[in-house]
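Beneath this line is the structure, given in structure tokens, with notes to follow.
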2 protein chains.
Amino acid sequence: MDSEAFRKHGKEMVDMVADYWDSLRDRQPLPDVKPGFIWDLVPDAPPESPEEWSKILADVEPIVLQNNTNWHHPHFFAYFSTACSYPAIMGDILSGGISSIGFTWKSSPSMTELEMIMTDWLAKSIGLPEHFLNSHPGPGAGIIQSTASDATFVAILSARARAVSSYKENNLIKSPVPQPEDDPVITFGNHDASIVSKLVAYCSDQAHSSVDKGIMLASVKMRKLKSIIGGPHKNYFIETETLESAIREDRARGLIPFIYIATVGTTNTCAVDPVRALGPICKRENIWLHVDAAYAGSFSLCPEYRYLVDGFEFVDSFNFNPHKAMQINFDCSPMWFKDAKEATTYFNVEAEYLRHEYQAVASDYRHLQIALGRRFRSLKIWFVLRALGIEKIQESLRQRVKLAEEFSDLISHDDNFEIIVPTHLGLVCFRYKGDNAINEKLVNTINDDRRIHLVPAKINGVFFLRLAICSTITNSKDIEFAYHVIKDLLPKVL
Amino acid sequence: MDSEAFRKHGKEMVDMVADYWDSLRDRQPLPDVKPGFIWDLVPDAPPESPEEWSKILADVEPIVLQNNTNWHHPHFFAYFSTACSYPAIMGDILSGGISSIGFTWKSSPSMTELEMIMTDWLAKSIGLPEHFLNSHPGPGAGIIQSTASDATFVAILSARARAVSSYKENNLIKSPVPQPEDDPVITFGNHDASIVSKLVAYCSDQAHSSVDKGIMLASVKMRKLKSIIGGPHKNYFIETETLESAIREDRARGLIPFIYIATVGTTNTCAVDPVRALGPICKRENIWLHVDAAYAGSFSLCPEYRYLVDGFEFVDSFNFNPHKAMQINFDCSPMWFKDAKEATTYFNVEAEYLRHEYQAVASDYRHLQIALGRRFRSLKIWFVLRALGIEKIQESLRQRVKLAEEFSDLISHDDNFEIIVPTHLGLVCFRYKGDNAINEKLVNTINDDRRIHLVPAKINGVFFLRLAICSTITNSKDIEFAYHVIKDLLPKVL
């Protein structure tokens with residue numbers, strides 16, 4: 001395909017995307033397919049010779065679109081939102097068209113530098129302390145990771161290395177121990193498993209499953225702290241004494257608490273860990289404080305939600321996902337380090353073919369992530385923040401909150417249902433006033449009905465339903481519709 | 001921006017990408033910028049109100065394109081190629097437009113299923129044993145990872161878990177040890193650092209830096225085996241006795257060799273580890289055999305390079321990057337497991353909000369990767385394999401090989417230079433017949449000159465230059481041009 005053909009077919013693809021969005025209301029949120037459907041629709045081997053583009057394009061609707069879950073359908077209320085906006089798509093078209101790989105500054109200077117200034121734009125817009133800015137003279141930095149899972153994992157690995165290194169210093173252990181110079185077996189000093197085995201990571205029992213996964217894969221121990229319901233948000237939170245007593249107990253048995261992964265906007269109920277209260281304990285105890293605000297972080301763009309970043313002067317690293325509520329397409333999970341210079345040393349491996357003349361003064365983003373290769377993801381941040389402006393994004397965030405409150409009102413005035421926690425940032429947690437079995441039957445009936453899609457959650461054995469405002473085209477009528485679908489189906493499960 | 005505006009501006013963006021490609025020859029491979037250039041070009045905060053799209057678009061050329069490294073410039077010969085093709089860009093436009101997240105089968109059925117059949121298409125096309133196919137009744141599977149770094153890291157983590165689990169079984173250790181049922185501190189049995197500390201990973205001293213990084217971050221020990229030059233390719237390879245004696249020595253000192261990461265097509269010289277010879281040793285010793293064929297794997301699409309996957313019946317996991325030589329844009333690093341069912345158990349963390357009715361029978365790709373979220377990357381494989389057909393891709397691979405041989409011929413008939421290893425799959429390794437300092441000066445002079453771009457490498461203290469055929473628009477005249485630039489600059493460094 002030459003550039004003339006791409007000008008033609010690329011534009012057809014743009015139209016196909018626009019047509020898809022224009023037709024969203026005629027689709028259903030969940031498709032009617034079962035595992036294995038693809039094997040009858042797609043041949044079992046690729047063609048030897050080129051196929052006509054028109055034939056390829058004609059397969060998209062019946063094979064891909066009709067059999068997919070439509071995350072942007074106005075009646076999709078599951079998980080949390082994933083972002084999509086036209087300016088973001090254009091950022092990704094350009095990223096694909098440029099197709100450079102930015103592992104070092106030199107391999108793609110504009111990718112590295114635009115990412116530096118875009119993470120600064122985001123940091124300022126959501127009110128992070130200025131020492132996190134790339135433009136600040138200190139060692140702080142922002143970088144775009146793929147997902148919150150990646151960001152959390154990078155935070156755990158950084159904290160682990162800092163703890164191992166600090167343990168060795170305090171115990172006067174030369175790194176690696178004991179290792180003669182000509183030993184062909186290398187122990188990576190800052191990642192030494194014999195010390196890693198003493199480390200314990202903390203998080204709330206409300207933390208996302210990706211936190212468990214990161215802790216597990218980092219080979220450290222995990223202690224999930226028991227949250228209680230209450231506090232300013234009447235939601236699940238960790239008391240300072242819960243953290244303090246865990247630290248005391250674990251130190252007494254010879255373990256080293258090394259990271260607390262705080263959650264700002266949990267998946268279960270959009271609960272917020274009290275960073276301002278827990279921060280000083282982490283600081284005193286030399287525990288790395290990471291904040292995962294995957295969903296809620298975007299809301300801090302609005303002054304009225306700035307409490308979400310309160311106490312962030314204590315934070316060692318932080319991530320949120322503009323690819324959730326900020327209209328910047330997946331994947332885009334910016335992360336900030338209080339001391340990126342230190343973190344860099346924990347990820348640095350050298351190779352002659354990656355060296356360049358500016359490496360002492362420029363940012364080589366490969367040292368703050370697991371992978372080497374990276375895409376030009378800052379383009380979509382740049383396009384979205386400029387094409388929408390801060391005010392339009394604030395409007396759309398407030399619209400999510402408003403719609404959730406509308407649904408919450410309907411539910412709380414209905415004697416059949418109860419609200420689990422106060423509705424927060426576009427998420428409504430509710431249940432039928434009955435046992436778990438009937439609520440489980442209700443959510444399955446709702447999803448099998450296909451008119452709306454939502455997912456359940458469970459806390460302390462209590463099963464409930466979550467309705468999250470996901471699509472940017474959801475409106476008040478859709479909220480009433482969702483409520484009526486649930487009311488309509490309720491008698492079927494009773 | 002509404003869909004009408006997107007139809008207009010999205011098409012302008014398609015034209016911008018086509019214009020960029022049409023103008024590649026008028027650009028230079030490396031830009032003339034220094035670290036920090038962005039701060040004078042981009043304002044230090046995003047706008048409050050929307051900006052005109054035309055103003056945003058007008059900034060792309062002077063800020064992004066003019067200050068970037070052009071990986072697809074015909075005179076870019078650095079690292080290895082990164083792929084780009086128009087059908088692949090269209091796959092990414094559609095992926096962005098659909099914007100669903102495929103962590104479970106249910107969250108995006110067509111994403112999961114098209115990925116299953118596309119990894120099968122690739123596996124068949126490059127000649128992998130059929131037990132790696134998703135359509136095979138056994139426990140094998142293919143998945144798309146982001147990068148080779150991710151794939152290698154996932155392989156190391158899987159192998160680590162298998163080794164820990166196997167050690168515990170053999171030593172009758174209950175997992176975790178000793179842990180009363182009500183202990184709030186969890187040790188993840190298969191990732192227990194007290195056993196991880198005994199594990200040692202092997203690779204060739206020619207392995208890519210991402211292998212070092214994966215081993216380091218997995219907290220295991222590393223032993224880089226010393227390669228020698230010779231064998232069928234007259235390139236760097238690992239002798240079976242080198243592996244055997246390392247295993248003997250390490251077992252004698254109480255360590256557990258648990259993975260060998262073989263490299264098929266190294267970055268330094270495109271060398272190939274002898275998988276058929278090393279495989280039986282790994283099998284006998286219960287060592288996980290992972291093959292990283294990031295660059296070279298694509299070439300196995302041509303029957304004459306099928307030796308690259310020889311001995312793969314011994315392989316536990318394998319990855320290659322169609323985003324290097326197969327015209328499928330980054331990120332796209334498919335990976336195959338011999339036993340994905342087992343690997344799944346090492347990455348599985350459950351959450352109520354992720355459960356679905358088909359999870360016992362369908363593939364939930366989140367269990368074979370580190371992150372939870374994932375993009376619809378199989379679309380670009382589908383589009384490229386169909387729009388080009390196997391034959392056109394084979395042609396482009398053979399063209400790379402032919403061009404490298406043309407450059408190699410020019411160099412080997414020039415008394416100033418020597419070829420380091422026989423030219424293999426589009427990579428020429430050469431040096432001026434002089435000391436390292438002069439070669440280092442030569443490569444710096446070449447890059448500072450800006451007409452062509454290449455990077456050096458070093459083996460056993462010997463510094464040399466690498467010329468890799470990267471762009472799909474590079475032709476024989478560009479090869480002569482590159483040679484003449486080097487000849488032209490040589491007197492300046494002598």
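We name chains A, B, ... following the order of the structure tokens; residues begin at 1 in each chain, and ligands are numbered from 1 as shown.
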
query: Near Ser408 (chain A), counting only C-alpha atoms, which residues have an atom at most 7 Å away, once you skip same-chain residues fewer than 3 positions from it, shown as a ChimeraX atom specification?
result: /A:404-405,411-412,423,428

message: Show me, as JSON, numbers by chain, every residue of chain A with an atom at most 6 Å from chain B, counting only C-alpha atoms.
response: {"A": [3, 7, 11, 15, 17, 18, 35, 38, 45, 47, 48, 49, 50, 51, 64, 67, 68, 69, 71, 89, 93, 96, 97, 100, 107, 108, 109, 110, 113, 121, 149, 150, 184, 185, 186, 187, 188, 191, 192, 193, 194, 197, 216, 219, 221, 222, 223, 352, 353, 362, 371, 386, 387, 388, 389, 390, 391, 455, 456, 457]}

- prompt: Taking the backbone alone, and naming residues the way the document does, which bits of region 125-178 of chain B are alpha helix (DSSP H) by DSSP, as number ranges by chain?
  reply: B: 125-126, 148-170

Pick out the residues sitting within 12 Å of region 476-485 of chain B, and hand them over as a compact mmCIF listing (two decimals) with all heavy atoms, in the first residue's frame; count only C-alpha atoms, and ignore anything fewer than 5 positions along from it in its own chain.
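Produced file out_35.txt, reproduced below:
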# COMPACT_ATOMS: atom_id res chain seq x y z
N ARG B 25 12.73 11.68 2.69
CA ARG B 25 14.06 11.88 2.08
C ARG B 25 14.56 13.31 2.21
O ARG B 25 15.75 13.57 2.09
CB ARG B 25 14.04 11.47 0.62
CG ARG B 25 14.04 9.98 0.42
CD ARG B 25 14.38 9.56 -1.01
NE ARG B 25 14.42 8.10 -1.06
CZ ARG B 25 15.50 7.38 -0.80
NH1 ARG B 25 16.64 7.98 -0.51
NH2 ARG B 25 15.45 6.07 -0.82
N HIS B 73 13.73 7.02 8.10
CA HIS B 73 14.54 7.67 7.09
C HIS B 73 15.38 6.60 6.39
O HIS B 73 15.91 5.70 7.05
CB HIS B 73 15.43 8.72 7.75
CG HIS B 73 16.08 9.64 6.76
ND1 HIS B 73 17.11 9.23 5.95
CD2 HIS B 73 15.82 10.93 6.43
CE1 HIS B 73 17.48 10.24 5.17
NE2 HIS B 73 16.71 11.29 5.45
N PRO B 74 15.53 6.70 5.07
CA PRO B 74 16.31 5.66 4.37
C PRO B 74 17.77 5.58 4.81
O PRO B 74 18.43 4.57 4.54
CB PRO B 74 16.18 6.08 2.89
CG PRO B 74 15.70 7.49 2.90
CD PRO B 74 14.90 7.65 4.15
N HIS B 75 18.25 6.62 5.49
CA HIS B 75 19.64 6.59 5.97
C HIS B 75 19.74 6.40 7.48
O HIS B 75 20.76 6.70 8.08
CB HIS B 75 20.36 7.89 5.53
CG HIS B 75 20.31 8.10 4.05
ND1 HIS B 75 20.35 9.35 3.46
CD2 HIS B 75 20.19 7.21 3.03
CE1 HIS B 75 20.27 9.21 2.14
NE2 HIS B 75 20.17 7.92 1.86
N PHE B 76 18.70 5.90 8.07
CA PHE B 76 18.72 5.52 9.49
C PHE B 76 19.12 4.05 9.53
O PHE B 76 18.39 3.18 9.03
CB PHE B 76 17.33 5.74 10.09
CG PHE B 76 17.19 5.31 11.54
CD1 PHE B 76 17.29 6.24 12.58
CD2 PHE B 76 16.96 3.98 11.88
CE1 PHE B 76 17.14 5.85 13.91
CE2 PHE B 76 16.82 3.58 13.22
CZ PHE B 76 16.92 4.52 14.23
N PHE B 77 20.30 3.77 10.10
CA PHE B 77 20.82 2.40 10.12
C PHE B 77 21.13 1.96 11.56
O PHE B 77 21.96 1.07 11.78
CB PHE B 77 22.10 2.31 9.28
CG PHE B 77 21.93 2.68 7.83
CD1 PHE B 77 22.45 3.87 7.31
CD2 PHE B 77 21.25 1.83 6.95
CE1 PHE B 77 22.30 4.21 5.97
CE2 PHE B 77 21.10 2.16 5.61
CZ PHE B 77 21.63 3.35 5.11
N GLN B 399 14.70 -8.34 0.88
CA GLN B 399 15.29 -7.08 0.43
C GLN B 399 16.26 -6.53 1.49
O GLN B 399 17.35 -6.06 1.17
CB GLN B 399 14.16 -6.07 0.14
CG GLN B 399 14.60 -4.66 -0.16
CD GLN B 399 15.26 -4.50 -1.53
OE1 GLN B 399 15.44 -5.48 -2.26
NE2 GLN B 399 15.64 -3.27 -1.87
N ARG B 400 15.87 -6.65 2.77
CA ARG B 400 16.77 -6.21 3.85
C ARG B 400 18.09 -6.99 3.80
O ARG B 400 19.17 -6.43 3.96
CB ARG B 400 16.17 -6.50 5.23
CG ARG B 400 15.11 -5.54 5.65
CD ARG B 400 14.51 -5.99 6.99
NE ARG B 400 13.19 -5.40 7.15
CZ ARG B 400 12.97 -4.21 7.71
NH1 ARG B 400 13.97 -3.53 8.20
NH2 ARG B 400 11.75 -3.73 7.80
N VAL B 401 17.96 -8.30 3.62
CA VAL B 401 19.15 -9.16 3.60
C VAL B 401 20.04 -8.78 2.41
O VAL B 401 21.26 -8.64 2.55
CB VAL B 401 18.72 -10.64 3.49
CG1 VAL B 401 19.94 -11.53 3.30
CG2 VAL B 401 17.94 -11.04 4.74
N LYS B 402 19.41 -8.55 1.27
CA LYS B 402 20.16 -8.23 0.05
C LYS B 402 20.91 -6.90 0.22
O LYS B 402 22.09 -6.79 -0.13
CB LYS B 402 19.16 -8.15 -1.11
CG LYS B 402 19.76 -7.77 -2.45
CD LYS B 402 18.66 -7.69 -3.52
CE LYS B 402 18.99 -6.68 -4.60
NZ LYS B 402 18.82 -5.26 -4.25
N LEU B 403 20.24 -5.90 0.77
CA LEU B 403 20.87 -4.58 0.93
C LEU B 403 22.05 -4.65 1.90
O LEU B 403 23.09 -4.03 1.67
CB LEU B 403 19.85 -3.55 1.42
CG LEU B 403 18.75 -3.18 0.41
CD1 LEU B 403 17.69 -2.31 1.09
CD2 LEU B 403 19.35 -2.44 -0.79
N ALA B 404 21.89 -5.40 2.97
CA ALA B 404 22.99 -5.56 3.92
C ALA B 404 24.17 -6.24 3.25
O ALA B 404 25.33 -5.86 3.46
CB ALA B 404 22.52 -6.36 5.13
N GLU B 405 23.87 -7.20 2.40
CA GLU B 405 24.98 -7.88 1.71
C GLU B 405 25.69 -6.96 0.73
O GLU B 405 26.90 -7.03 0.56
CB GLU B 405 24.48 -9.17 1.06
CG GLU B 405 24.40 -10.27 2.13
CD GLU B 405 23.57 -11.49 1.74
OE1 GLU B 405 23.14 -11.55 0.57
OE2 GLU B 405 23.38 -12.36 2.62
N GLU B 406 24.93 -6.06 0.13
CA GLU B 406 25.55 -5.07 -0.76
C GLU B 406 26.52 -4.17 0.03
O GLU B 406 27.64 -3.90 -0.41
CB GLU B 406 24.48 -4.20 -1.43
CG GLU B 406 23.71 -4.94 -2.51
CD GLU B 406 22.53 -4.14 -3.08
OE1 GLU B 406 22.44 -2.93 -2.81
OE2 GLU B 406 21.71 -4.75 -3.79
N PHE B 407 26.09 -3.75 1.22
CA PHE B 407 26.97 -2.91 2.04
C PHE B 407 28.19 -3.71 2.49
O PHE B 407 29.33 -3.23 2.47
CB PHE B 407 26.21 -2.35 3.23
CG PHE B 407 27.04 -1.41 4.07
CD1 PHE B 407 27.26 -0.10 3.66
CD2 PHE B 407 27.62 -1.85 5.26
CE1 PHE B 407 28.05 0.76 4.43
CE2 PHE B 407 28.41 -0.99 6.02
CZ PHE B 407 28.62 0.31 5.59
N SER B 408 27.93 -4.93 2.86
CA SER B 408 28.98 -5.83 3.32
C SER B 408 30.04 -6.02 2.23
O SER B 408 31.25 -6.02 2.49
CB SER B 408 28.32 -7.16 3.69
OG SER B 408 29.21 -8.00 4.32
N ASP B 409 29.58 -6.17 0.99
CA ASP B 409 30.50 -6.32 -0.15
C ASP B 409 31.40 -5.10 -0.29
O ASP B 409 32.61 -5.21 -0.48
CB ASP B 409 29.70 -6.50 -1.45
CG ASP B 409 29.28 -7.94 -1.64
OD1 ASP B 409 29.75 -8.82 -0.86
OD2 ASP B 409 28.46 -8.21 -2.56
N LEU B 410 30.78 -3.92 -0.20
CA LEU B 410 31.56 -2.69 -0.33
C LEU B 410 32.63 -2.61 0.75
O LEU B 410 33.79 -2.28 0.48
CB LEU B 410 30.63 -1.47 -0.25
CG LEU B 410 29.65 -1.28 -1.41
CD1 LEU B 410 28.62 -0.20 -1.09
CD2 LEU B 410 30.42 -0.90 -2.69
N ILE B 411 32.25 -2.92 1.97
CA ILE B 411 33.17 -2.84 3.10
C ILE B 411 34.28 -3.88 2.98
O ILE B 411 35.46 -3.60 3.22
CB ILE B 411 32.39 -3.05 4.43
CG1 ILE B 411 31.55 -1.82 4.75
CG2 ILE B 411 33.30 -3.40 5.59
CD1 ILE B 411 32.35 -0.60 5.18
N SER B 412 33.91 -5.08 2.57
CA SER B 412 34.92 -6.14 2.58
C SER B 412 35.90 -6.00 1.42
O SER B 412 36.97 -6.60 1.43
CB SER B 412 34.28 -7.53 2.61
OG SER B 412 33.34 -7.65 1.60
N HIS B 413 35.55 -5.19 0.41
CA HIS B 413 36.51 -4.91 -0.66
C HIS B 413 37.31 -3.64 -0.40
O HIS B 413 38.04 -3.17 -1.26
CB HIS B 413 35.79 -4.82 -2.00
CG HIS B 413 35.32 -6.15 -2.49
ND1 HIS B 413 34.06 -6.63 -2.25
CD2 HIS B 413 35.98 -7.14 -3.17
CE1 HIS B 413 33.95 -7.85 -2.78
NE2 HIS B 413 35.09 -8.19 -3.32
N ASP B 414 37.15 -3.09 0.79
CA ASP B 414 37.86 -1.87 1.14
C ASP B 414 38.90 -2.21 2.20
O ASP B 414 38.55 -2.66 3.30
CB ASP B 414 36.84 -0.84 1.68
CG ASP B 414 37.46 0.52 1.94
OD1 ASP B 414 38.65 0.56 2.35
OD2 ASP B 414 36.77 1.52 1.74
N PHE B 417 38.73 -1.35 6.09
CA PHE B 417 37.75 -1.91 7.02
C PHE B 417 37.83 -3.42 7.11
O PHE B 417 38.35 -4.09 6.22
CB PHE B 417 36.33 -1.51 6.58
CG PHE B 417 36.12 -0.03 6.55
CD1 PHE B 417 36.12 0.66 5.35
CD2 PHE B 417 35.94 0.67 7.73
CE1 PHE B 417 35.93 2.04 5.32
CE2 PHE B 417 35.73 2.04 7.71
CZ PHE B 417 35.74 2.73 6.51
N GLY B 426 20.38 -8.77 7.47
CA GLY B 426 20.21 -7.32 7.41
C GLY B 426 21.10 -6.52 8.34
O GLY B 426 20.93 -5.31 8.47
N VAL B 428 25.13 -5.54 9.32
CA VAL B 428 26.55 -5.59 8.98
C VAL B 428 27.36 -5.06 10.16
O VAL B 428 27.11 -3.96 10.64
CB VAL B 428 26.86 -4.72 7.73
CG1 VAL B 428 28.31 -4.93 7.29
CG2 VAL B 428 25.89 -5.03 6.60
N PHE B 430 31.12 -4.10 11.36
CA PHE B 430 32.42 -3.81 10.74
C PHE B 430 33.18 -2.80 11.58
O PHE B 430 32.63 -2.19 12.50
CB PHE B 430 32.21 -3.29 9.31
CG PHE B 430 31.54 -1.94 9.25
CD1 PHE B 430 32.27 -0.79 8.95
CD2 PHE B 430 30.17 -1.80 9.49
CE1 PHE B 430 31.65 0.46 8.90
CE2 PHE B 430 29.55 -0.55 9.45
CZ PHE B 430 30.30 0.57 9.15
N LEU B 442 35.27 7.56 14.80
CA LEU B 442 34.60 7.42 13.50
C LEU B 442 33.08 7.43 13.64
O LEU B 442 32.38 8.15 12.93
CB LEU B 442 35.08 6.13 12.81
CG LEU B 442 34.42 5.80 11.46
CD1 LEU B 442 34.67 6.91 10.44
CD2 LEU B 442 34.92 4.45 10.91
N VAL B 443 32.58 6.63 14.58
CA VAL B 443 31.12 6.57 14.71
C VAL B 443 30.55 7.91 15.18
O VAL B 443 29.50 8.36 14.71
CB VAL B 443 30.67 5.38 15.60
CG1 VAL B 443 30.86 5.66 17.08
CG2 VAL B 443 29.21 5.02 15.34
N THR B 445 31.85 10.86 14.55
CA THR B 445 31.96 11.77 13.41
C THR B 445 30.83 11.51 12.42
O THR B 445 30.22 12.44 11.87
CB THR B 445 33.33 11.58 12.73
OG1 THR B 445 34.35 11.78 13.72
CG2 THR B 445 33.53 12.57 11.60
N ILE B 446 30.55 10.24 12.18
CA ILE B 446 29.45 9.88 11.26
C ILE B 446 28.12 10.45 11.77
O ILE B 446 27.37 11.07 11.02
CB ILE B 446 29.35 8.34 11.12
CG1 ILE B 446 30.56 7.80 10.36
CG2 ILE B 446 28.05 7.93 10.43
CD1 ILE B 446 30.69 6.28 10.40
N ASN B 447 27.86 10.26 13.05
CA ASN B 447 26.57 10.72 13.58
C ASN B 447 26.49 12.25 13.65
O ASN B 447 25.44 12.82 13.40
CB ASN B 447 26.28 10.07 14.93
CG ASN B 447 25.93 8.60 14.77
OD1 ASN B 447 25.33 8.19 13.79
ND2 ASN B 447 26.33 7.78 15.75
N ASP B 448 27.62 12.87 13.97
CA ASP B 448 27.62 14.34 14.02
C ASP B 448 27.45 14.94 12.63
O ASP B 448 26.92 16.04 12.48
CB ASP B 448 28.93 14.85 14.64
CG ASP B 448 29.01 14.54 16.12
OD1 ASP B 448 27.95 14.20 16.71
OD2 ASP B 448 30.11 14.63 16.70
N ASP B 449 27.87 14.22 11.64
CA ASP B 449 27.73 14.68 10.25
C ASP B 449 26.27 14.74 9.81
O ASP B 449 25.89 15.53 8.95
CB ASP B 449 28.52 13.71 9.34
CG ASP B 449 28.32 13.99 7.87
OD1 ASP B 449 28.97 14.92 7.38
OD2 ASP B 449 27.49 13.29 7.24
N ARG B 450 25.44 13.87 10.40
CA ARG B 450 23.98 13.90 10.22
C ARG B 450 23.46 13.27 8.91
O ARG B 450 22.24 13.18 8.75
CB ARG B 450 23.42 15.32 10.31
CG ARG B 450 23.52 15.95 11.71
CD ARG B 450 22.54 15.32 12.65
NE ARG B 450 22.40 16.06 13.90
CZ ARG B 450 23.03 15.74 15.05
NH1 ARG B 450 23.85 14.70 15.10
NH2 ARG B 450 22.82 16.45 16.14
N ARG B 451 24.33 12.88 7.99
CA ARG B 451 23.79 12.33 6.75
C ARG B 451 23.26 10.91 6.94
O ARG B 451 22.28 10.52 6.33
CB ARG B 451 24.85 12.37 5.63
CG ARG B 451 25.02 13.75 5.04
CD ARG B 451 26.11 13.77 3.98
NE ARG B 451 27.45 13.64 4.57
CZ ARG B 451 28.58 13.52 3.87
NH1 ARG B 451 28.53 13.45 2.54
NH2 ARG B 451 29.75 13.44 4.48
N ILE B 452 23.94 10.12 7.77
CA ILE B 452 23.44 8.78 8.11
C ILE B 452 23.53 8.62 9.63
O ILE B 452 24.21 9.38 10.31
CB ILE B 452 24.23 7.64 7.41
CG1 ILE B 452 25.67 7.54 7.96
CG2 ILE B 452 24.23 7.81 5.88
CD1 ILE B 452 26.43 6.31 7.47
N HIS B 453 22.81 7.63 10.14
CA HIS B 453 22.85 7.37 11.59
C HIS B 453 23.03 5.87 11.83
O HIS B 453 22.31 5.06 11.28
CB HIS B 453 21.56 7.86 12.26
CG HIS B 453 21.50 7.60 13.75
ND1 HIS B 453 22.61 7.70 14.58
CD2 HIS B 453 20.46 7.25 14.56
CE1 HIS B 453 22.25 7.42 15.84
NE2 HIS B 453 20.96 7.14 15.85
N LEU B 454 24.06 5.54 12.61
CA LEU B 454 24.24 4.15 13.03
C LEU B 454 24.78 4.14 14.45
O LEU B 454 25.16 5.18 14.99
CB LEU B 454 25.15 3.36 12.07
CG LEU B 454 26.41 4.00 11.50
CD1 LEU B 454 27.46 4.13 12.55
CD2 LEU B 454 26.94 3.13 10.35
N LEU B 467 25.73 -1.57 10.99
CA LEU B 467 24.82 -0.95 10.05
C LEU B 467 23.66 -1.91 9.83
O LEU B 467 23.84 -3.01 9.31
CB LEU B 467 25.51 -0.61 8.72
CG LEU B 467 24.61 0.11 7.70
CD1 LEU B 467 25.32 1.28 7.03
CD2 LEU B 467 24.06 -0.86 6.65
N ALA B 468 22.49 -1.50 10.30
CA ALA B 468 21.30 -2.34 10.19
C ALA B 468 20.37 -1.72 9.14
O ALA B 468 20.16 -0.51 9.14
CB ALA B 468 20.59 -2.43 11.53
N ILE B 469 19.81 -2.54 8.29
CA ILE B 469 18.83 -2.03 7.32
C ILE B 469 17.52 -1.85 8.07
O ILE B 469 16.93 -2.80 8.58
CB ILE B 469 18.64 -3.02 6.14
CG1 ILE B 469 19.98 -3.40 5.52
CG2 ILE B 469 17.68 -2.42 5.11
CD1 ILE B 469 20.77 -2.26 4.94
N CYS B 470 17.09 -0.61 8.18
CA CYS B 470 15.93 -0.30 9.03
C CYS B 470 14.71 0.14 8.24
O CYS B 470 13.60 -0.32 8.50
CB CYS B 470 16.31 0.77 10.05
SG CYS B 470 17.49 0.16 11.27
N SER B 471 14.89 1.05 7.32
CA SER B 471 13.72 1.62 6.65
C SER B 471 13.28 0.74 5.48
O SER B 471 14.10 0.14 4.79
CB SER B 471 14.08 3.01 6.12
OG SER B 471 13.09 3.48 5.25
N LEU B 490 36.20 9.26 6.88
CA LEU B 490 37.33 8.52 7.46
C LEU B 490 38.61 9.36 7.59
O LEU B 490 39.22 9.39 8.67
CB LEU B 490 37.58 7.23 6.66
CG LEU B 490 38.67 6.31 7.20
CD1 LEU B 490 38.36 5.85 8.64
CD2 LEU B 490 38.87 5.11 6.29
N PRO B 491 38.99 10.09 6.51
CA PRO B 491 40.24 10.89 6.64
C PRO B 491 40.20 11.88 7.80
O PRO B 491 41.23 12.18 8.40
CB PRO B 491 40.31 11.64 5.29
CG PRO B 491 39.48 10.83 4.36
CD PRO B 491 38.40 10.21 5.19
N LYS B 492 39.00 12.36 8.13
CA LYS B 492 38.88 13.35 9.23
C LYS B 492 39.26 12.78 10.59
O LYS B 492 39.59 13.51 11.50
CB LYS B 492 37.43 13.86 9.33
CG LYS B 492 37.02 14.71 8.16
CD LYS B 492 35.72 15.45 8.47
CE LYS B 492 35.25 16.19 7.23
NZ LYS B 492 33.91 16.74 7.37

message: Let's see if you can do this: from backbone DSSP, list all strand (DSSP E) residues in region 177-401 of chain B, as a PyMOL selection string.
response: chain B and resi 185-186+199-204+221-225+228-230+235-237+256-263+288-292+317-319+333-337
